[in-house]
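File shown here: input_17.txt, holding compact mmCIF, C-alpha atoms.
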```txt
# COMPACT_ATOMS: atom_id res chain seq x y z
CA MET A 26 0.00 0.00 0.00
CA SER A 27 1.43 3.38 -1.02
CA ASP A 28 1.89 6.16 1.53
CA ASP A 29 -0.88 8.19 -0.13
CA VAL A 30 -3.37 5.34 0.20
CA ALA A 31 -2.33 4.54 3.78
CA VAL A 32 -2.66 8.17 4.89
CA PHE A 33 -6.04 8.63 3.24
CA GLU A 34 -7.45 5.36 4.58
CA SER A 35 -6.35 6.26 8.10
CA HIS A 36 -8.57 9.36 7.89
CA ARG A 37 -11.45 7.89 5.88
CA PRO A 38 -13.73 7.13 8.90
CA ALA A 39 -13.41 10.72 10.14
CA LEU A 40 -14.03 12.13 6.66
CA LEU A 41 -17.08 9.93 6.20
CA ALA A 42 -18.40 10.87 9.65
CA LEU A 43 -18.08 14.56 8.75
CA ALA A 44 -19.78 14.17 5.36
CA TYR A 45 -22.57 12.02 6.79
CA ARG A 46 -23.32 14.55 9.54
CA MET A 47 -23.28 17.41 7.04
CA LEU A 48 -25.54 15.68 4.51
CA GLY A 49 -27.56 13.14 6.51
CA ASP A 50 -27.15 10.69 3.63
CA LEU A 51 -24.55 7.92 3.76
CA ALA A 52 -24.46 7.17 0.02
CA ARG A 53 -23.89 10.84 -0.84
CA ALA A 54 -21.29 11.05 1.91
CA GLU A 55 -19.44 8.05 0.49
CA ASP A 56 -19.46 9.61 -2.97
CA LEU A 57 -17.96 12.85 -1.67
CA VAL A 58 -15.28 11.04 0.30
CA GLN A 59 -14.37 9.18 -2.89
CA GLU A 60 -14.12 12.54 -4.67
CA ALA A 61 -11.87 13.72 -1.85
CA TRP A 62 -9.63 10.71 -2.50
CA LEU A 63 -9.31 11.71 -6.17
CA ARG A 64 -8.34 15.23 -5.15
CA TRP A 65 -5.86 13.93 -2.59
CA GLN A 66 -4.32 11.62 -5.17
CA GLY A 67 -4.12 14.39 -7.77
CA ARG A 68 -2.80 17.17 -5.54
CA SER A 69 0.14 19.18 -6.83
CA VAL A 70 1.52 20.38 -3.49
CA GLU A 71 3.16 18.74 -0.49
CA VAL A 72 0.86 18.46 2.51
CA ASP A 73 2.46 18.47 5.96
CA ALA A 74 -0.83 18.05 7.86
CA PRO A 75 -3.06 15.63 5.92
CA LYS A 76 -6.05 15.59 8.27
CA PRO A 77 -6.88 19.34 8.17
CA PHE A 78 -6.24 19.32 4.42
CA LEU A 79 -8.67 16.44 3.89
CA LEU A 80 -11.27 17.86 6.25
CA LYS A 81 -11.16 21.11 4.28
CA VAL A 82 -11.67 19.25 0.99
CA VAL A 83 -14.64 17.28 2.35
CA THR A 84 -16.16 20.38 3.98
CA ASN A 85 -16.04 22.31 0.71
CA LEU A 86 -17.47 19.37 -1.24
CA CYS A 87 -20.34 19.13 1.26
CA LEU A 88 -21.04 22.87 1.11
CA ASN A 89 -21.11 22.71 -2.70
CA GLU A 90 -23.46 19.73 -2.56
CA LEU A 91 -25.78 21.48 -0.10
CA ASP A 92 -25.87 24.49 -2.40
CA SER A 93 -27.17 22.43 -5.33
CA ALA A 94 -30.80 22.87 -6.37
CA ARG A 95 -31.65 19.22 -5.63
CA ALA A 96 -30.17 19.38 -2.15
CA ARG A 97 -31.96 22.67 -1.41
CA ARG A 98 -35.30 21.06 -2.30
CA GLU A 99 -34.54 18.10 -0.01
CA GLU A 100 -33.36 20.31 2.83
CA SER A 101 -36.52 22.42 2.67
CA ARG A 102 -38.84 19.47 3.28
CA GLY A 103 -40.46 19.65 6.70
CA ASP A 104 -40.59 15.86 6.99
CA ARG A 105 -37.03 15.15 5.88
CA LEU A 106 -34.99 12.89 8.18
CA PRO A 107 -31.35 11.81 7.97
CA GLU A 108 -30.57 8.27 6.93
CA PRO A 109 -30.23 5.95 9.95
CA VAL A 110 -26.99 3.97 10.01
CA ASP A 111 -25.51 1.05 11.87
CA LEU A 112 -22.10 2.34 12.92
CA ASP A 113 -20.65 -1.19 13.06
CA ASP A 114 -21.77 -2.00 9.50
CA SER A 115 -20.84 1.34 7.95
CA SER A 116 -17.38 2.65 7.14
CA ILE A 117 -17.88 5.34 9.77
CA GLY A 118 -16.97 2.86 12.50
CA ARG A 119 -17.32 3.59 16.19
CA VAL A 120 -17.20 7.20 17.34
CA GLU A 121 -16.35 8.46 20.79
CA ALA A 122 -19.10 11.06 21.10
CA LEU A 123 -22.20 9.02 20.30
CA ASP A 124 -24.45 11.97 21.16
CA ARG A 125 -22.86 13.78 18.21
CA ILE A 126 -24.17 11.22 15.72
CA SER A 127 -27.57 10.45 17.28
CA MET A 128 -30.68 11.01 15.18
CA ALA A 129 -31.74 13.85 17.50
CA PHE A 130 -28.42 15.63 16.97
CA LEU A 131 -28.52 15.14 13.20
CA VAL A 132 -32.05 16.55 13.03
CA VAL A 133 -30.86 19.61 14.96
CA LEU A 134 -27.98 19.96 12.48
CA GLN A 135 -30.47 20.02 9.61
CA ARG A 136 -32.05 23.15 11.09
CA LEU A 137 -28.72 24.97 10.86
CA THR A 138 -27.41 26.66 7.77
CA PRO A 139 -24.68 24.66 5.97
CA ALA A 140 -22.03 27.11 7.22
CA GLU A 141 -23.27 26.87 10.83
CA ARG A 142 -23.29 23.10 10.50
CA ALA A 143 -19.69 23.08 9.27
CA ALA A 144 -18.48 25.49 11.99
CA LEU A 145 -20.05 23.42 14.77
CA LEU A 146 -18.76 20.08 13.52
CA LEU A 147 -15.26 21.29 12.72
CA HIS A 148 -14.80 23.04 16.05
CA ASP A 149 -16.73 20.91 18.56
CA VAL A 150 -16.35 17.47 16.98
CA PHE A 151 -13.07 17.68 15.06
CA ASP A 152 -11.27 20.16 17.36
CA LEU A 153 -10.17 22.61 14.69
CA SER A 154 -9.27 26.17 15.66
CA HIS A 155 -11.21 29.27 14.66
CA THR A 156 -8.27 30.21 12.43
CA GLU A 157 -8.47 26.92 10.54
CA ILE A 158 -12.25 27.08 10.23
CA ALA A 159 -12.06 30.64 8.92
CA ARG A 160 -9.65 29.45 6.25
CA PHE A 161 -11.93 26.51 5.38
CA LEU A 162 -15.06 28.65 5.09
CA LYS A 163 -13.32 31.71 3.60
CA ARG A 164 -14.72 33.98 6.30
CA SER A 165 -13.23 36.06 9.07
CA GLU A 166 -12.55 34.50 12.47
CA ALA A 167 -15.16 36.80 13.99
CA ALA A 168 -17.77 35.60 11.50
CA CYS A 169 -16.91 31.98 12.25
CA ARG A 170 -17.24 32.59 15.98
CA GLN A 171 -20.73 33.97 15.33
CA LEU A 172 -21.62 30.93 13.24
CA LEU A 173 -20.47 28.65 16.04
CA SER A 174 -22.35 30.63 18.70
CA ARG A 175 -25.63 30.45 16.76
CA ALA A 176 -25.17 26.74 16.09
CA ARG A 177 -24.43 25.97 19.74
CA GLY A 178 -27.52 27.92 20.77
CA ASN A 179 -29.72 25.69 18.60
CA VAL A 180 -28.06 22.51 19.85
CA ALA A 181 -28.35 23.60 23.49
CA ILE A 182 -32.13 23.70 23.19
CA GLU A 183 -32.13 19.94 22.55
CA ARG A 184 -29.32 19.03 24.95
CA PRO A 185 -31.65 17.28 27.48
CA VAL A 186 -32.70 14.72 24.86
CA LEU A 187 -29.12 13.52 24.45
CA CYS A 188 -28.62 12.31 28.01
CA ALA A 189 -30.90 9.27 28.58
CA SER A 190 -29.35 5.93 29.57
CA PRO A 191 -29.49 3.12 26.97
CA GLU A 192 -31.73 1.09 29.30
CA GLU A 193 -34.28 3.88 29.72
CA HIS A 194 -34.12 4.65 26.02
CA GLN A 195 -34.77 1.03 25.03
CA SER A 196 -37.57 0.55 27.57
CA LEU A 197 -39.47 3.58 26.28
CA LEU A 198 -38.89 2.57 22.66
CA ARG A 199 -40.31 -0.91 23.29
CA ALA A 200 -43.34 0.54 25.06
CA PHE A 201 -43.90 2.96 22.17
CA VAL A 202 -43.69 0.20 19.54
CA ARG A 203 -46.11 -2.02 21.49
CA ALA A 204 -48.64 0.79 21.91
CA THR A 205 -48.33 1.85 18.26
CA GLY A 206 -48.77 -1.72 17.06
CA ALA A 207 -51.94 -2.08 19.11
CA GLY A 208 -53.24 1.35 18.08
CA GLU A 209 -53.81 2.24 21.74
CA ILE A 210 -53.96 5.95 22.50
CA GLY A 211 -53.78 5.61 26.32
CA PRO A 212 -50.43 3.75 26.45
CA LEU A 213 -49.00 6.14 23.86
CA LEU A 214 -49.91 9.12 26.03
CA GLU A 215 -48.15 7.45 28.98
CA VAL A 216 -44.78 7.41 27.20
CA LEU A 217 -44.95 10.61 25.15
CA ALA A 218 -43.94 13.99 26.57
CA GLU A 219 -46.74 16.55 26.36
CA ASP A 220 -44.75 18.62 23.85
CA ALA A 221 -43.46 15.62 21.89
CA THR A 222 -42.99 15.81 18.12
CA LEU A 223 -43.29 13.14 15.45
CA VAL A 224 -41.53 13.25 12.09
CA VAL A 225 -42.39 10.65 9.43
CA ASP A 226 -40.22 10.67 6.30
CA VAL A 227 -41.66 8.61 3.43
CA GLY A 228 -39.57 10.31 0.75
CA SER A 229 -40.12 13.28 -1.52
CA GLU A 230 -42.92 11.57 -3.47
CA GLY A 231 -45.12 10.94 -0.42
CA LYS A 232 -47.07 7.79 0.39
CA ARG A 233 -50.44 6.70 1.77
CA VAL A 234 -51.24 4.20 4.50
CA GLY A 235 -54.84 3.32 3.75
CA ARG A 236 -56.59 6.68 3.38
CA ILE A 237 -53.99 8.54 5.46
CA ARG A 238 -51.18 10.34 3.70
CA SER A 239 -47.79 11.16 5.19
CA ALA A 240 -48.06 14.09 7.59
CA GLY A 241 -45.66 16.11 5.43
CA ARG A 242 -44.45 18.10 8.43
CA PRO A 243 -43.78 17.38 12.12
CA VAL A 244 -46.81 16.47 14.24
CA SER A 245 -46.66 18.29 17.57
CA GLY A 246 -48.23 17.36 20.90
CA ALA A 247 -48.73 13.97 22.54
CA ARG A 248 -52.48 13.78 21.87
CA ARG A 249 -52.15 14.68 18.19
CA ILE A 250 -49.33 12.16 17.75
CA ALA A 251 -51.27 9.39 19.52
CA ALA A 252 -54.39 10.09 17.43
CA PHE A 253 -52.37 10.15 14.20
CA LEU A 254 -50.60 6.85 14.93
CA ALA A 255 -53.80 5.15 16.08
CA ALA A 256 -55.54 6.25 12.88
CA VAL A 257 -52.66 4.96 10.75
CA ARG A 258 -52.83 1.65 12.59
CA ARG A 259 -56.57 1.29 11.94
CA GLU A 260 -56.18 2.13 8.27
CA SER A 261 -53.17 -0.12 7.66
CA GLY A 262 -55.09 -3.35 8.30
CA GLU A 263 -53.34 -6.55 9.33
CA ARG A 264 -49.75 -5.97 10.34
CA ARG A 265 -47.27 -7.78 8.08
CA ASP A 266 -44.04 -6.06 9.05
CA MET A 267 -41.95 -7.65 11.79
CA PRO A 268 -40.10 -5.40 14.29
CA VAL A 269 -36.37 -6.10 14.70
CA GLU A 270 -34.36 -4.38 17.42
CA ARG A 271 -31.17 -2.73 16.19
CA THR A 272 -28.63 -0.19 17.34
CA LEU A 273 -28.67 2.75 14.90
CA ASN A 274 -26.70 5.96 15.22
CA GLY A 275 -25.37 4.57 18.51
CA GLU A 276 -28.84 4.23 20.09
CA PRO A 277 -31.60 1.60 20.44
CA ALA A 278 -33.88 1.51 17.40
CA VAL A 279 -36.50 -0.73 15.82
CA VAL A 280 -36.48 -1.64 12.13
CA PHE A 281 -39.67 -3.02 10.59
CA VAL A 282 -38.98 -5.76 8.07
CA ARG A 283 -41.07 -7.36 5.33
CA ASP A 284 -39.73 -10.19 3.16
CA GLY A 285 -36.23 -9.54 4.49
CA ARG A 286 -36.21 -5.87 3.51
CA PRO A 287 -36.53 -2.87 5.85
CA THR A 288 -39.73 -0.86 5.43
CA ALA A 289 -39.25 1.64 8.27
CA ALA A 290 -36.83 2.53 11.06
CA VAL A 291 -38.09 3.99 14.34
CA LEU A 292 -35.80 6.05 16.55
CA ILE A 293 -36.68 8.23 19.53
CA SER A 294 -35.12 10.84 21.77
CA VAL A 295 -35.78 10.85 25.50
CA ALA A 296 -35.89 13.58 28.16
CA ASP A 297 -37.08 13.40 31.77
CA GLY A 298 -38.34 9.84 31.43
CA LYS A 299 -40.57 10.55 28.43
CA ILE A 300 -40.23 10.38 24.65
CA ARG A 301 -39.49 13.86 23.35
CA HIS A 302 -39.17 13.08 19.64
CA VAL A 303 -40.21 10.18 17.42
CA PHE A 304 -38.39 9.77 14.12
CA ILE A 305 -39.83 7.30 11.58
CA GLN A 306 -37.72 6.90 8.45
CA ALA A 307 -39.74 5.07 5.78
CA ASP A 308 -38.03 6.35 2.63
CA ALA A 309 -36.80 3.20 0.87
CA ALA A 310 -33.81 5.08 -0.57
CA ARG A 311 -32.68 5.99 2.97
CA LEU A 312 -33.04 2.45 4.31
CA GLN A 313 -30.86 0.69 1.79
CA HIS A 314 -27.87 0.43 4.15
CA LEU A 315 -29.96 -1.51 6.70
CA GLY A 316 -30.92 -4.52 4.61
CA PRO A 317 -31.46 -7.26 3.83
CA LEU A 318 -32.60 -8.38 7.28
CA ASN A 319 -33.73 -11.80 8.44
```
Structure re-expressed in structure tokens:
Amino acid sequence: MSDDVAVFESHRPALLALAYRMLGDLARAEDLVQEAWLRWQGRSVEVDAPKPFLLKVVTNLCLNELDSARARREESRGDRLPEPVDLDDSSIGRVEALDRISMAFLVVLQRLTPAERAALLLHDVFDLSHTEIARFLKRSEAACRQLLSRARGNVAIERPVLCASPEEHQSLLRAFVRATGAGEIGPLLEVLAEDATLVVDVGSEGKRVGRIRSAGRPVSGARRIAAFLAAVRRESGERRDMPVERTLNGEPAVVFVRDGRPTAAVLISVADGKIRHVFIQADAARLQHLGPLN
């Protein structure tokens, strides 16, 4: 293995983790990391510090991607969710700060501008200085500090949902799946926080379950969520999808499977012993890295 290949491969997991967090899409992230490899291989200058150099390349590729018309349409969807990933099965590998790759954290990232997203990740996750980030983003250090401050303010709002123990998280998830499967409003209200939100992503084309179409935007409030899920359960008829417990984005999750293929992934965030957010990813294109499942 040449030195160039060895150096790049040693940083690939970090580069993929950055691109995945920026884009919320593993396949797109993998494509951009591959493009970064081509640029690394074809560089015309000596690089004394490969990691910052490669992080800058991937950051700029992500910002360009997020500026594309297609990406802007996707990002503007109120029901868009990141792609759930199994860290052990993906090239991202294990990460030390699991709360920085949880579904709740990624959803918060999506609410930030691309530049705010980059500033937060580069500084708080990848430990780069304000000087380096300013050079990456082609802005002044003062501007980058402002970007970081605004991004941290948004993340701080959701900080309580990133602190539940795995045992509490899994217990509430199981209770939620049981209640949803039975279409029981009472048990759902017992596990949902009063100000809970539900996001169901069925893809940009939309989909119906019986007579009920995708919500299209977050559903807010425990009672509205419980009524929505109970109605979907009534309209969907006999349940054919089997729930399989998985660990996705470092947290307990449930993947529903039909004929060996995933049809939906359910992830939650927890605060103060209740479910604060429910994330249901049912876009087939964003489930491809989870299957086939037996």
Would you list the contacts of Ser196 (chain A) as number ranges by chain, taking every protein, DNA or RNA residue within 12 Å and counting all atoms listed in the file, but skipping same-chain residues closer than 6 positions in sequence?
-> A: 189-190, 202-203, 216, 270, 277-279, 293, 295, 298-300
Find, counting only C-alpha atoms, the residue in A:Ala168, A:Cys87, A:Ala296, A:Leu312 that gets nearest to His194 (chain A).
-> A:Ala296
Compile the contact shell of region 212-215 of chain A as a PyMOL selection string: residues with an atom at most 7 Å away, counting all atoms listed in the file, same-chain residues fewer than 4 positions apart removed.
-> chain A and resi 201+204+247-248+251
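What separates CA of Val257 (chain A) from CA of Glu209 (chain A) is a distance of 11.4 Å.
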With all atoms listed in the file as the counted atoms, please give the residues lying no more than 12 Å from Val83 (chain A), apart from itself and same-chain residues fewer than 5 positions off, as a compact mmCIF listing (two decimals) with C-alpha atoms, in the coordinates of the input.
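The result, stored in out.txt:
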```txt
# COMPACT_ATOMS: atom_id res chain seq x y z
CA HIS A 36 -8.57 9.36 7.89
CA ARG A 37 -11.45 7.89 5.88
CA ALA A 39 -13.41 10.72 10.14
CA LEU A 40 -14.03 12.13 6.66
CA LEU A 41 -17.08 9.93 6.20
CA ALA A 42 -18.40 10.87 9.65
CA LEU A 43 -18.08 14.56 8.75
CA ALA A 44 -19.78 14.17 5.36
CA TYR A 45 -22.57 12.02 6.79
CA ARG A 46 -23.32 14.55 9.54
CA MET A 47 -23.28 17.41 7.04
CA LEU A 48 -25.54 15.68 4.51
CA ARG A 53 -23.89 10.84 -0.84
CA ALA A 54 -21.29 11.05 1.91
CA GLU A 55 -19.44 8.05 0.49
CA ASP A 56 -19.46 9.61 -2.97
CA LEU A 57 -17.96 12.85 -1.67
CA VAL A 58 -15.28 11.04 0.30
CA GLN A 59 -14.37 9.18 -2.89
CA GLU A 60 -14.12 12.54 -4.67
CA ALA A 61 -11.87 13.72 -1.85
CA TRP A 62 -9.63 10.71 -2.50
CA LEU A 63 -9.31 11.71 -6.17
CA ARG A 64 -8.34 15.23 -5.15
CA TRP A 65 -5.86 13.93 -2.59
CA LYS A 76 -6.05 15.59 8.27
CA PRO A 77 -6.88 19.34 8.17
CA PHE A 78 -6.24 19.32 4.42
CA LEU A 88 -21.04 22.87 1.11
CA ASN A 89 -21.11 22.71 -2.70
CA GLU A 90 -23.46 19.73 -2.56
CA ALA A 143 -19.69 23.08 9.27
CA LEU A 147 -15.26 21.29 12.72
CA PHE A 161 -11.93 26.51 5.38
CA LEU A 162 -15.06 28.65 5.09
```
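Our summary of the geometry notes that CA of Ala207 (chain A) is positioned 23.5 Å from CA of Thr272 (chain A).
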Local residues around (-11.3, 30.6, 9.8), at most 12 Å away, using all atoms listed in the file, as a PyMOL selection string | chain A and resi 81+140+143-144+147-148+153-173
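Across the structure, CA of Pro287 (chain A) and CA of Arg199 (chain A) are spaced 18.0 Å apart.
Minimum distance to His314 (chain A) across A:Arg105, A:Arg301, A:Arg142, A:Arg286 (counting all atoms listed in the file) occurs at A:Arg286.
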Leaving out Asp226 (chain A) and any residue of its chain fewer than 3 positions from it, which residues lie within 7 Å of it when counting all atoms listed in the file, given as a PyMOL selection string?
-> chain A and resi 104-106+305-308
Serialized selection, C-alpha atoms, as a PDB file, in the coordinates of the input:
```pdb
ATOM      1  CA  ASP A 104     -40.590  15.860   6.990  1.00  0.00           C
ATOM      2  CA  ARG A 105     -37.030  15.150   5.880  1.00  0.00           C
ATOM      3  CA  LEU A 106     -34.990  12.890   8.180  1.00  0.00           C
ATOM      4  CA  ILE A 305     -39.830   7.300  11.580  1.00  0.00           C
ATOM      5  CA  GLN A 306     -37.720   6.900   8.450  1.00  0.00           C
ATOM      6  CA  ALA A 307     -39.740   5.070   5.780  1.00  0.00           C
ATOM      7  CA  ASP A 308     -38.030   6.350   2.630  1.00  0.00           C
TER       8      ASP A 308
END
```
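Proximity of A:Glu193, A:Asp149, A:Glu141, A:Asp113 to Gly275 (chain A), computed with only C-alpha atoms, is greatest for A:Asp113.
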Neighbour list for Phe304 (chain A) as a list in words, cut-off 6 Å, all atoms listed in the file, skip fewer than 3 positions in-chain = Val224, Val291, Leu292 and Ile293 of chain A
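Nearest residue to Ser245 (chain A) among A:Ala129, A:Met267, A:Leu217, A:Arg175 is A:Leu217, counting all atoms listed in the file.
Using all atoms listed in the file, the shortest contact distance between Leu315 (chain A) and any of A:Ala290, A:Leu145, A:Val303, A:Val132 is found at A:Ala290.
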The residue from A:Ser229, A:Val133, A:Glu219, A:Ser294 with the smallest atom-to-atom distance to Pro191 (chain A), counting all atoms listed in the file, is A:Ser294
